[in-house]
>>> print(open('run-v5.cif').read())   # mmCIF, C-alpha atoms
data_work
loop_
_atom_site.label_atom_id
_atom_site.label_comp_id
_atom_site.auth_asym_id
_atom_site.auth_seq_id
_atom_site.Cartn_x
_atom_site.Cartn_y
_atom_site.Cartn_z
CA MET U 1 30.62 25.70 -147.34
CA SER U 2 31.45 28.58 -145.03
CA LYS U 3 32.74 31.59 -146.98
CA SER U 4 34.90 32.72 -144.07
CA ILE U 5 38.57 31.83 -144.07
CA TYR U 6 40.08 31.92 -140.60
CA ASP U 7 43.70 32.72 -139.92
CA LEU U 8 43.98 29.77 -137.54
CA VAL U 9 41.82 26.89 -136.39
CA VAL U 10 43.00 25.17 -133.21
CA VAL U 11 41.89 21.54 -133.04
CA GLY U 12 41.85 20.40 -129.42
CA ALA U 13 41.02 22.02 -126.08
CA GLY U 14 43.42 20.44 -123.62
CA PRO U 15 46.36 22.28 -122.04
CA TYR U 16 48.20 22.69 -125.36
CA GLY U 17 45.21 23.67 -127.50
CA LEU U 18 43.92 26.18 -124.96
CA SER U 19 47.38 27.69 -124.52
CA VAL U 20 47.90 28.06 -128.28
CA ALA U 21 44.43 29.63 -128.61
CA ALA U 22 45.13 32.09 -125.79
CA HIS U 23 48.30 33.33 -127.52
CA ALA U 24 46.58 33.50 -130.91
CA ALA U 25 43.67 35.49 -129.48
CA ALA U 26 46.04 37.92 -127.78
CA HIS U 27 47.66 38.61 -131.16
CA GLY U 28 44.32 39.35 -132.79
CA LEU U 29 44.29 36.42 -135.18
CA ARG U 30 40.99 35.47 -136.77
CA LEU U 31 40.59 32.33 -134.69
CA ARG U 32 38.35 29.34 -134.08
CA THR U 33 39.03 26.77 -131.38
CA PHE U 34 37.29 23.38 -131.33
CA GLY U 35 37.20 20.64 -128.73
CA ARG U 36 35.76 19.61 -125.39
CA SER U 37 37.55 21.56 -122.69
CA MET U 38 40.06 19.37 -120.80
CA GLU U 39 38.28 16.23 -122.02
CA SER U 40 40.89 13.63 -121.08
CA TRP U 41 41.42 15.24 -117.66
CA HIS U 42 37.73 15.24 -116.85
CA ALA U 43 37.63 11.57 -117.88
CA MET U 44 40.12 10.45 -115.22
CA PRO U 45 38.82 8.53 -112.21
CA SER U 46 37.83 10.49 -109.15
CA GLY U 47 40.56 10.31 -106.53
CA MET U 48 43.51 10.73 -108.87
CA PHE U 49 46.08 13.42 -108.17
CA LEU U 50 48.31 15.55 -110.36
CA LYS U 51 51.82 14.12 -110.44
CA SER U 52 53.53 17.34 -111.54
CA GLU U 53 54.21 20.16 -109.12
CA PRO U 54 51.62 22.98 -109.21
CA TRP U 55 54.25 25.50 -110.32
CA ALA U 56 55.04 23.26 -113.32
CA SER U 57 51.39 22.86 -114.34
CA HIS U 58 50.37 26.26 -115.69
CA LEU U 59 48.57 26.70 -118.96
CA SER U 60 50.11 29.55 -120.96
CA ASP U 61 48.78 32.99 -121.83
CA PRO U 62 51.02 35.84 -123.01
CA GLU U 63 50.75 37.89 -119.81
CA GLY U 64 50.92 34.94 -117.43
CA ALA U 65 47.72 36.15 -115.81
CA TYR U 66 45.85 32.84 -115.74
CA GLY U 67 48.23 30.40 -114.12
CA LEU U 68 47.22 27.58 -111.83
CA ASP U 69 48.35 29.66 -108.86
CA ALA U 70 45.89 32.44 -109.78
CA TYR U 71 43.03 29.97 -110.04
CA ALA U 72 43.93 28.29 -106.75
CA ALA U 73 44.22 31.63 -104.93
CA ALA U 74 40.82 32.73 -106.21
CA ARG U 75 39.31 29.58 -104.72
CA GLY U 76 41.22 29.59 -101.47
CA VAL U 77 43.11 26.41 -102.32
CA ARG U 78 46.73 25.86 -101.35
CA ALA U 79 48.78 25.18 -104.48
CA ALA U 80 52.15 24.56 -102.86
CA HIS U 81 55.34 22.76 -103.76
CA GLY U 82 55.20 19.15 -102.58
CA VAL U 83 51.41 19.17 -102.11
CA PRO U 84 49.63 17.08 -104.80
CA LEU U 85 46.47 18.58 -106.26
CA PRO U 86 43.43 16.53 -107.30
CA VAL U 87 43.17 15.94 -111.04
CA ASP U 88 39.57 17.18 -111.06
CA PHE U 89 40.78 20.49 -109.59
CA PHE U 90 43.29 20.79 -112.44
CA ALA U 91 40.57 19.99 -115.00
CA ALA U 92 38.40 22.74 -113.49
CA TYR U 93 41.37 25.10 -113.74
CA GLY U 94 41.63 24.37 -117.47
CA ASP U 95 37.92 25.15 -117.90
CA TRP U 96 38.43 28.46 -116.04
CA PHE U 97 41.45 29.27 -118.21
CA ALA U 98 39.34 28.67 -121.33
CA ARG U 99 36.67 31.07 -120.10
CA GLN U 100 39.23 33.75 -119.31
CA ALA U 101 41.64 33.50 -122.25
CA VAL U 102 39.99 31.68 -125.17
CA PRO U 103 37.18 33.47 -127.00
CA ALA U 104 34.14 31.37 -127.92
CA LEU U 105 35.44 27.85 -127.48
CA ASP U 106 33.35 25.59 -129.71
CA GLU U 107 33.00 22.20 -127.99
CA ARG U 108 32.20 20.32 -131.18
CA LEU U 109 34.86 17.94 -132.41
CA ILE U 110 36.57 18.26 -135.76
CA GLY U 111 36.10 15.15 -137.87
CA SER U 112 38.59 15.80 -140.66
CA VAL U 113 41.32 18.15 -141.86
CA VAL U 114 41.90 18.21 -145.61
CA PRO U 115 44.26 20.36 -147.71
CA ALA U 116 42.43 22.96 -149.79
CA ALA U 117 43.10 26.07 -151.81
CA GLU U 118 44.58 28.78 -149.55
CA GLY U 119 45.00 26.36 -146.67
CA PHE U 120 42.72 23.69 -145.25
CA GLU U 121 39.11 22.59 -145.13
CA LEU U 122 37.83 21.25 -141.81
CA LEU U 123 34.60 19.41 -141.15
CA THR U 124 32.93 19.41 -137.74
CA GLU U 125 31.30 16.32 -136.27
CA ASP U 126 27.85 17.63 -137.24
CA GLY U 127 28.83 18.45 -140.81
CA GLU U 128 29.76 22.15 -140.83
CA ALA U 129 32.61 22.93 -143.21
CA LEU U 130 35.04 25.77 -142.57
CA ARG U 131 38.24 27.06 -144.10
CA ALA U 132 41.51 28.01 -142.44
CA ARG U 133 44.82 29.32 -143.69
CA THR U 134 46.62 27.48 -140.88
CA VAL U 135 45.72 24.69 -138.47
CA ALA U 136 47.18 23.86 -135.06
CA LEU U 137 46.61 20.20 -134.25
CA ALA U 138 46.60 19.77 -130.46
CA VAL U 139 44.53 16.63 -130.03
CA GLY U 140 46.11 15.47 -126.78
CA VAL U 141 46.90 11.85 -126.00
CA LEU U 142 43.63 9.95 -126.41
CA PRO U 143 44.06 9.14 -130.14
CA PHE U 144 47.44 7.57 -129.34
CA MET U 145 46.51 5.05 -126.64
CA GLU U 146 48.80 2.03 -126.62
CA VAL U 147 47.41 -1.44 -125.85
CA PRO U 148 49.60 -4.58 -125.96
CA GLY U 149 49.19 -6.46 -129.23
CA PRO U 150 47.61 -9.65 -127.83
CA LEU U 151 44.84 -7.56 -126.22
CA ARG U 152 44.00 -5.12 -129.02
CA ASP U 153 41.27 -7.09 -130.73
CA LEU U 154 39.35 -8.06 -127.59
CA PRO U 155 36.06 -6.27 -126.82
CA ARG U 156 36.07 -3.40 -124.34
CA ARG U 157 33.97 -5.56 -122.05
CA TYR U 158 37.21 -7.41 -121.26
CA VAL U 159 40.04 -5.00 -122.09
CA THR U 160 40.26 -1.24 -121.73
CA HIS U 161 42.95 1.40 -121.63
CA SER U 162 43.37 3.27 -118.35
CA SER U 163 42.24 6.44 -120.15
CA HIS U 164 38.83 4.91 -120.78
CA HIS U 165 37.75 5.15 -117.16
CA GLY U 166 36.07 8.14 -115.57
CA ASP U 167 35.39 5.98 -112.55
CA LEU U 168 36.27 2.48 -111.44
CA ASP U 169 33.09 1.64 -109.52
CA ARG U 170 32.04 -1.09 -111.93
CA PHE U 171 35.01 -3.20 -110.88
CA ALA U 172 33.89 -3.59 -107.26
CA GLY U 173 33.89 -7.28 -106.40
CA ARG U 174 35.72 -8.25 -109.61
CA ASP U 175 39.18 -9.57 -110.44
CA VAL U 176 41.19 -6.97 -112.40
CA THR U 177 44.65 -7.16 -113.95
CA VAL U 178 46.48 -3.88 -114.61
CA VAL U 179 49.28 -3.86 -117.17
CA GLY U 180 52.10 -1.35 -116.73
CA ALA U 181 54.55 0.06 -114.21
CA GLY U 182 54.04 3.83 -114.52
CA GLN U 183 51.95 6.26 -112.52
CA ALA U 184 48.72 5.46 -114.38
CA ALA U 185 49.10 1.73 -113.69
CA LEU U 186 50.12 2.05 -110.06
CA GLU U 187 47.49 4.66 -109.19
CA THR U 188 44.76 2.73 -111.04
CA ALA U 189 45.66 -0.42 -109.11
CA ALA U 190 45.58 1.43 -105.79
CA LEU U 191 42.20 2.98 -106.60
CA LEU U 192 40.80 -0.40 -107.60
CA VAL U 193 41.78 -1.88 -104.22
CA GLU U 194 40.33 1.13 -102.42
CA GLY U 195 37.14 0.81 -104.48
CA GLY U 196 36.49 -2.76 -103.43
CA ALA U 197 37.79 -4.88 -106.31
CA ALA U 198 37.96 -8.51 -105.24
CA ALA U 199 41.51 -8.98 -106.53
CA VAL U 200 43.97 -6.61 -108.21
CA ARG U 201 47.31 -7.50 -109.75
CA ILE U 202 50.03 -5.70 -111.68
CA VAL U 203 51.72 -7.30 -114.67
CA ALA U 204 54.70 -5.35 -116.05
CA ARG U 205 57.69 -5.92 -118.30
CA ALA U 206 59.90 -3.88 -115.94
CA ASP U 207 61.99 -5.93 -113.57
CA ARG U 208 61.39 -3.48 -110.72
CA LEU U 209 59.10 -0.61 -109.80
CA HIS U 210 60.54 2.89 -109.69
CA TRP U 211 59.28 5.55 -107.30
CA ASN U 212 59.91 9.26 -107.38
CA THR U 213 61.23 10.61 -104.09
CA LEU U 214 59.78 13.43 -102.02
CA PRO U 215 60.88 16.62 -103.81
CA PRO U 216 63.37 18.75 -101.88
CA ALA U 217 62.37 22.23 -100.78
CA LEU U 218 62.48 24.95 -103.41
CA ASP U 219 64.66 27.13 -101.17
CA ARG U 220 67.41 24.78 -100.03
CA GLY U 221 70.64 26.67 -100.39
CA LEU U 222 73.01 27.31 -103.26
CA TRP U 223 75.05 24.10 -103.29
CA PRO U 224 72.15 21.60 -103.25
CA ALA U 225 70.38 23.68 -105.91
CA LEU U 226 73.49 23.62 -108.11
CA ARG U 227 73.95 19.88 -107.70
CA ALA U 228 70.36 19.03 -108.61
CA PRO U 229 68.36 22.03 -109.83
CA HIS U 230 64.58 21.94 -109.75
CA THR U 231 62.85 21.74 -113.13
CA GLY U 232 59.31 21.20 -114.29
CA LEU U 233 60.31 17.60 -115.08
CA GLY U 234 62.01 16.79 -111.79
CA CYS U 235 65.39 17.55 -110.25
CA GLY U 236 68.72 17.22 -112.04
CA TRP U 237 70.76 18.75 -114.83
CA ARG U 238 69.61 16.26 -117.44
CA ASN U 239 66.00 17.09 -116.68
CA LYS U 240 66.89 20.77 -116.81
CA LEU U 241 68.20 20.34 -120.34
CA TYR U 242 64.99 18.60 -121.38
CA ALA U 243 62.85 21.23 -119.66
CA ASP U 244 64.67 24.41 -120.68
CA THR U 245 66.09 23.63 -124.12
CA PRO U 246 63.61 21.73 -126.34
CA GLY U 247 64.97 23.69 -129.29
CA VAL U 248 68.43 22.26 -128.66
CA PHE U 249 66.94 18.77 -128.41
CA ARG U 250 65.37 19.23 -131.85
CA ARG U 251 68.84 19.75 -133.35
CA LEU U 252 70.29 16.51 -132.00
CA PRO U 253 70.88 13.65 -134.46
CA ALA U 254 67.69 11.73 -135.15
CA ALA U 255 69.05 8.51 -133.63
CA THR U 256 69.98 10.34 -130.42
CA ARG U 257 66.55 11.95 -130.15
CA GLU U 258 64.85 8.60 -130.66
CA ARG U 259 66.98 6.92 -127.99
CA ILE U 260 66.29 9.68 -125.47
CA PHE U 261 62.57 9.73 -126.26
CA ASP U 262 62.38 5.98 -125.65
CA SER U 263 64.31 6.02 -122.37
CA ALA U 264 64.07 9.42 -120.64
CA LEU U 265 61.72 9.92 -117.72
CA GLY U 266 60.62 6.32 -117.74
CA PRO U 267 57.74 4.79 -115.78
CA ALA U 268 57.69 5.73 -112.11
CA GLY U 269 55.16 6.22 -109.36
CA ALA U 270 54.70 9.41 -107.39
CA TRP U 271 56.18 9.53 -103.90
CA TRP U 272 52.78 10.16 -102.32
CA LEU U 273 51.31 6.99 -103.88
CA ARG U 274 53.81 4.46 -102.54
CA GLU U 275 52.16 3.85 -99.17
CA ARG U 276 48.71 3.42 -100.74
CA PHE U 277 50.08 1.06 -103.38
CA ALA U 278 51.29 -1.31 -100.66
CA ALA U 279 47.72 -2.65 -100.53
CA VAL U 280 48.22 -4.15 -104.01
CA GLY U 281 49.56 -7.54 -103.01
CA ASP U 282 50.05 -9.25 -106.39
CA VAL U 283 52.83 -7.59 -108.41
CA ARG U 284 54.31 -9.62 -111.26
CA LEU U 285 57.40 -8.01 -112.72
CA GLY U 286 59.59 -8.99 -115.65
CA GLN U 287 56.56 -10.44 -117.42
CA ARG U 288 54.66 -9.69 -120.59
CA ILE U 289 51.31 -10.79 -121.99
CA THR U 290 51.66 -13.07 -125.00
CA GLY U 291 48.06 -14.14 -125.54
CA ALA U 292 44.52 -13.77 -124.24
CA VAL U 293 41.22 -15.52 -124.98
CA VAL U 294 37.70 -15.30 -123.59
CA THR U 295 36.74 -18.41 -121.63
CA ALA U 296 33.44 -20.28 -121.60
CA ASP U 297 32.59 -18.74 -118.21
CA ASP U 298 32.98 -15.20 -119.58
CA ARG U 299 36.41 -14.43 -118.19
CA LEU U 300 39.82 -13.88 -119.77
CA ARG U 301 42.55 -16.48 -119.84
CA VAL U 302 45.82 -14.59 -120.20
CA ASP U 303 49.20 -16.11 -121.12
CA VAL U 304 52.06 -14.34 -119.36
CA ALA U 305 55.70 -14.96 -120.28
CA GLY U 306 58.44 -14.36 -117.73
CA PRO U 307 61.98 -15.45 -116.84
CA GLU U 308 60.72 -18.83 -115.61
CA GLY U 309 58.50 -19.56 -118.59
CA THR U 310 54.86 -18.99 -119.43
CA THR U 311 52.11 -18.99 -116.84
CA VAL U 312 48.36 -18.63 -117.23
CA LEU U 313 46.09 -16.39 -115.19
CA GLU U 314 42.36 -15.87 -115.28
CA THR U 315 40.82 -12.49 -114.70
CA ASP U 316 37.56 -10.64 -115.27
CA HIS U 317 39.12 -7.59 -116.92
CA VAL U 318 42.45 -6.18 -118.06
CA VAL U 319 43.23 -2.46 -117.80
CA ALA U 320 46.14 -1.54 -120.06
CA ALA U 321 47.93 1.40 -118.45
CA THR U 322 50.57 1.22 -121.14
CA GLY U 323 50.85 4.80 -122.24
CA PHE U 324 50.61 6.46 -125.63
CA THR U 325 52.51 6.19 -128.90
CA PRO U 326 52.67 9.40 -131.00
CA SER U 327 52.30 7.73 -134.38
CA LEU U 328 51.07 9.69 -137.36
CA ASP U 329 49.04 6.63 -138.40
CA ARG U 330 46.79 7.23 -135.38
CA ALA U 331 46.09 10.85 -136.28
CA GLY U 332 43.01 9.81 -138.24
CA ILE U 333 41.63 13.34 -138.18
CA LEU U 334 44.10 14.21 -140.95
CA SER U 335 43.11 13.09 -144.43
CA PRO U 336 45.05 10.08 -145.76
CA ALA U 337 46.65 12.28 -148.43
CA LEU U 338 47.84 14.76 -145.82
CA ARG U 339 49.17 12.05 -143.50
CA GLY U 340 50.92 10.37 -146.38
CA ALA U 341 52.66 13.58 -147.41
CA LEU U 342 54.12 14.41 -144.00
CA ARG U 343 57.73 13.65 -143.20
CA THR U 344 58.19 11.45 -140.15
CA VAL U 345 60.86 10.96 -137.52
CA GLY U 346 61.87 7.81 -135.70
CA ALA U 347 60.72 4.22 -135.95
CA GLY U 348 57.37 5.09 -134.34
CA GLY U 349 56.33 7.21 -137.30
CA ALA U 350 55.74 10.51 -135.52
CA PRO U 351 55.50 13.57 -137.77
CA GLU U 352 58.66 15.63 -138.08
CA VAL U 353 58.26 19.10 -136.60
CA GLY U 354 60.48 21.97 -137.73
CA GLY U 355 61.16 25.37 -136.26
CA LEU U 356 58.19 27.00 -134.52
CA PHE U 357 56.26 23.72 -134.53
CA GLU U 358 55.34 23.70 -138.22
CA SER U 359 55.10 20.29 -139.88
CA SER U 360 56.54 19.55 -143.29
CA TRP U 361 53.16 20.57 -144.79
CA PRO U 362 53.20 24.38 -144.73
CA GLY U 363 50.51 25.81 -142.49
CA LEU U 364 49.93 22.64 -140.47
CA PHE U 365 51.28 23.15 -136.95
CA LEU U 366 51.48 20.50 -134.24
CA ALA U 367 51.44 20.67 -130.44
CA GLY U 368 51.71 18.24 -127.57
CA LEU U 369 52.61 14.56 -127.64
CA LEU U 370 53.02 14.41 -131.43
CA THR U 371 55.96 16.80 -131.12
CA ALA U 372 57.79 14.90 -128.36
CA PRO U 373 60.02 12.87 -130.73
CA SER U 374 61.16 16.18 -132.25
CA TYR U 375 61.26 18.49 -129.22
CA GLY U 376 61.87 16.07 -126.38
CA PRO U 377 60.31 14.68 -123.21
CA SER U 378 58.82 17.93 -121.93
CA MET U 379 56.18 17.72 -124.68
CA ARG U 380 54.70 14.68 -122.94
CA PHE U 381 53.70 16.87 -119.99
CA VAL U 382 51.58 19.96 -119.34
CA PHE U 383 54.85 21.75 -118.63
CA GLY U 384 55.69 21.82 -122.35
CA ALA U 385 52.64 23.95 -123.21
CA GLU U 386 54.39 27.15 -122.15
CA TYR U 387 57.36 26.56 -124.44
CA THR U 388 55.08 25.57 -127.31
CA ALA U 389 52.26 28.09 -127.37
CA GLY U 390 54.05 31.38 -128.00
CA ARG U 391 56.49 29.89 -130.48
CA LEU U 392 53.80 28.09 -132.43
CA VAL U 393 51.72 31.26 -132.77
CA ARG U 394 54.85 33.12 -133.88
CA GLY U 395 55.19 30.47 -136.60
CA VAL U 396 51.56 30.92 -137.61
CA ARG U 397 52.00 34.68 -137.89
CA ARG U 398 55.16 34.23 -139.95
CA ARG U 399 53.34 31.83 -142.29
CA LEU U 400 50.43 34.26 -142.69
CA ARG U 401 52.79 37.17 -143.45
CA ALA U 402 54.70 35.11 -146.03
CA GLU U 403 51.50 34.14 -147.80
CA ALA U 404 50.18 37.69 -147.71
CA ARG U 405 53.34 38.83 -149.49
CA GLY U 406 53.43 36.15 -152.13
CA GLY U 407 50.28 34.08 -152.24
CA ALA U 408 50.30 30.46 -151.08
CA VAL U 409 54.06 30.42 -150.54
CA GLY U 410 55.40 26.90 -150.23
CA ARG U 411 51.98 25.22 -150.38
CA PRO U 412 51.99 21.75 -151.93
CA ARG U 413 49.56 21.28 -154.77
CA THR U 414 46.16 19.96 -153.62
CA GLY U 415 44.85 18.64 -156.87
#
>>> encode(input="run-v5.cif", output="structure tokens")
Amino acid sequence: MSKSIYDLVVVGAGPYGLSVAAHAAAHGLRLRTFGRSMESWHAMPSGMFLKSEPWASHLSDPEGAYGLDAYAAARGVRAAHGVPLPVDFFAAYGDWFARQAVPALDERLIGSVVPAAEGFELLTEDGEALRARTVALAVGVLPFMEVPGPLRDLPRRYVTHSSHHGDLDRFAGRDVTVVGAGQAALETAALLVEGGAAAVRIVARADRLHWNTLPPALDRGLWPALRAPHTGLGCGWRNKLYADTPGVFRRLPAATRERIFDSALGPAGAWWLRERFAAVGDVRLGQRITGAVVTADDRLRVDVAGPEGTTVLETDHVVAATGFTPSLDRAGILSPALRGALRTVGAGGAPEVGGLFESSWPGLFLAGLLTAPSYGPSMRFVFGAEYTAGRLVRGVRRRLRAEARGGAVGRPRTG
């Protein structure tokens, strides 16, 4: 076992993990950061665009020196309000941010996090053990992929999640059904048509598709700005509350937080996608998949229930663009004992996150989607990284100071 005990190990190298690591490095913490830089972003199909505005898509460093605007300017790219940027450009920006602000990113994955004396023991994918006084878990969204129940046990040859696809070329000439009504579903369907799929259809529980409108100009006069202020989550005062006051959200009654988490900023397509999506001719709304079996001719027979009863469709492949559920049960990187000891919030079983993003297990800090049921909708987007990173590192420093004064203050027993 490694004899070194680090102040902080950051697990994950997406927007949240890199931002936390940048703040920790700036404060001189003895730090290790593990993960493949911007892995889920690099895995998206070529041709996808960033839905958020460029000015709402910065990773966070303490001096604000490595924002998306700085990267774009250095490469002569226009990062302007109302101009969507390619996802692969954003992924490259995250890689650049890591090189500038995160010392010695280790691209190995962490296989397990286990409580230990003085903190935690972590094991890398190739078997190296290391010790840390605190851990920041920022594993992104991939562990929390949601697939409709009737499809979960089918092989990936027939059913995948939209996050599984770095490209969609293999579906040329095939019949593909996309489940969902959000940006991932609508953009995936459009790309499939553009890539030569023989047939593409949407199946969604929603009774109508929602589309974001063209964002108004940033400089549009006092009265329009007061009526519907710009925020990193879209225009409007409700969005402004979600964007600017996650700490207030955390203090709402649990039932209120759960209701808002389930309903706020629901599925919608980007304004710039609507014209392209018109090429998807088969859109089946108000319907849900109730069963699916593989047929003798190597296709899927899918039962779909709607207002007029159940129908059957046959397809070569189903892509579930059905989002992510931040359930603690899916955080398999944490040891069963650690998961079982954490307090949860809401029916979905997300871990409860207290002040400064510390979980109920002292020294275990959380960032990103897992914190959305506690801190609100902004934690589902890159935008939330700025609010999270500095505060989380402040919590780490406070934990380290408390333990330096009095030993393992507040640590549960590990044996």
>>> resolve_selection(input="run-v5.cif", expression="the PyMOL selection byres ((chain U and resi 299) around 7)", output="PDB file with C-alpha atoms, in the coordinates of the input")
ATOM      1  CA  VAL U 294      37.700 -15.300-123.590  1.00  0.00           C
ATOM      2  CA  THR U 295      36.740 -18.410-121.630  1.00  0.00           C
ATOM      3  CA  ASP U 297      32.590 -18.740-118.210  1.00  0.00           C
ATOM      4  CA  ASP U 298      32.980 -15.200-119.580  1.00  0.00           C
ATOM      5  CA  LEU U 300      39.820 -13.880-119.770  1.00  0.00           C
ATOM      6  CA  ARG U 301      42.550 -16.480-119.840  1.00  0.00           C
ATOM      7  CA  GLU U 314      42.360 -15.870-115.280  1.00  0.00           C
ATOM      8  CA  THR U 315      40.820 -12.490-114.700  1.00  0.00           C
ATOM      9  CA  ASP U 316      37.560 -10.640-115.270  1.00  0.00           C
TER      10      ASP U 316
END
>>> resolve_selection(input="run-v5.cif", expression="the PyMOL selection byres ((chain U and resi 247) around 9)", output="PyMOL selection string")
chain U and resi 244-246+248-251+355+374-376
>>> resolve_selection(input="run-v5.cif", expression="the PyMOL selection byres ((chain U and resi 121) around 9)", output="list in words")
Ser112, Val113, Val114, Pro115, Ala116, Ala117, Gly119, Phe120, Leu122, Leu123, Ala129, Leu130, Arg131, Ala132 and Arg133 of chain U
>>> closest_atom_pairs(input="run-v5.cif", of="stretch 170-289 of chain U", to="stretch 307-311 of chain U", cutoff="10 Å", atoms="only C-alpha atoms", output="tab-separated table")
residue	atom	partner	partner_atom	distance
U:Leu285	CA	U:Pro307	CA	9.7
U:Gly286	CA	U:Pro307	CA	7.0
U:Gln287	CA	U:Pro307	CA	7.4
U:Arg288	CA	U:Thr310	CA	9.4
U:Ile289	CA	U:Thr310	CA	9.3
>>> residues_around(input="run-v5.cif", residues="stretch 161-176 of chain U", least_positions_apart="6", cutoff="8 Å", atoms="only C-alpha atoms", output="PyMOL selection string")
chain U and resi 40+42-46+142+145-147+184-185+188+191-192+195-201+315-322
>>> write_last_selection(input="run-v5.cif", atoms="C-alpha atoms", output="JSON list (two decimals), keeping the file's coordinate frame")
[["chain", "number", "residue", "atom", "x", "y", "z"],
["U", 40, "SER", "CA", 40.89, 13.63, -121.08],
["U", 42, "HIS", "CA", 37.73, 15.24, -116.85],
["U", 43, "ALA", "CA", 37.63, 11.57, -117.88],
["U", 44, "MET", "CA", 40.12, 10.45, -115.22],
["U", 45, "PRO", "CA", 38.82, 8.53, -112.21],
["U", 46, "SER", "CA", 37.83, 10.49, -109.15],
["U", 142, "LEU", "CA", 43.63, 9.95, -126.41],
["U", 145, "MET", "CA", 46.51, 5.05, -126.64],
["U", 146, "GLU", "CA", 48.80, 2.03, -126.62],
["U", 147, "VAL", "CA", 47.41, -1.44, -125.85],
["U", 184, "ALA", "CA", 48.72, 5.46, -114.38],
["U", 185, "ALA", "CA", 49.10, 1.73, -113.69],
["U", 188, "THR", "CA", 44.76, 2.73, -111.04],
["U", 191, "LEU", "CA", 42.20, 2.98, -106.60],
["U", 192, "LEU", "CA", 40.80, -0.40, -107.60],
["U", 195, "GLY", "CA", 37.14, 0.81, -104.48],
["U", 196, "GLY", "CA", 36.49, -2.76, -103.43],
["U", 197, "ALA", "CA", 37.79, -4.88, -106.31],
["U", 198, "ALA", "CA", 37.96, -8.51, -105.24],
["U", 199, "ALA", "CA", 41.51, -8.98, -106.53],
["U", 200, "VAL", "CA", 43.97, -6.61, -108.21],
["U", 201, "ARG", "CA", 47.31, -7.50, -109.75],
["U", 315, "THR", "CA", 40.82, -12.49, -114.70],
["U", 316, "ASP", "CA", 37.56, -10.64, -115.27],
["U", 317, "HIS", "CA", 39.12, -7.59, -116.92],
["U", 318, "VAL", "CA", 42.45, -6.18, -118.06],
["U", 319, "VAL", "CA", 43.23, -2.46, -117.80],
["U", 320, "ALA", "CA", 46.14, -1.54, -120.06],
["U", 321, "ALA", "CA", 47.93, 1.40, -118.45],
["U", 322, "THR", "CA", 50.57, 1.22, -121.14]]
>>> closest_residue(input="run-v5.cif", among="U:Trp237, U:Gly368, U:Leu334, U:Asp61", to="U:Gly12", atoms="all atoms listed in the file")
U:Gly368
>>> residues_near_point(input="run-v5.cif", point="(55.2, 24.6, -117.6)", cutoff="7 Å", atoms="all atoms listed in the file", output="ChimeraX atom specification")
/U:56-58,232,382-386
>>> atom_distance(input="run-v5.cif", atom1="atom CA of U:Cys235", atom2="atom CA of U:Pro216")
8.7 Å
>>> closest_residue(input="run-v5.cif", among="U:Glu275, U:Glu258, U:Asp303, U:Glu358", to="U:Arg399", atoms="all atoms listed in the file")
U:Glu358
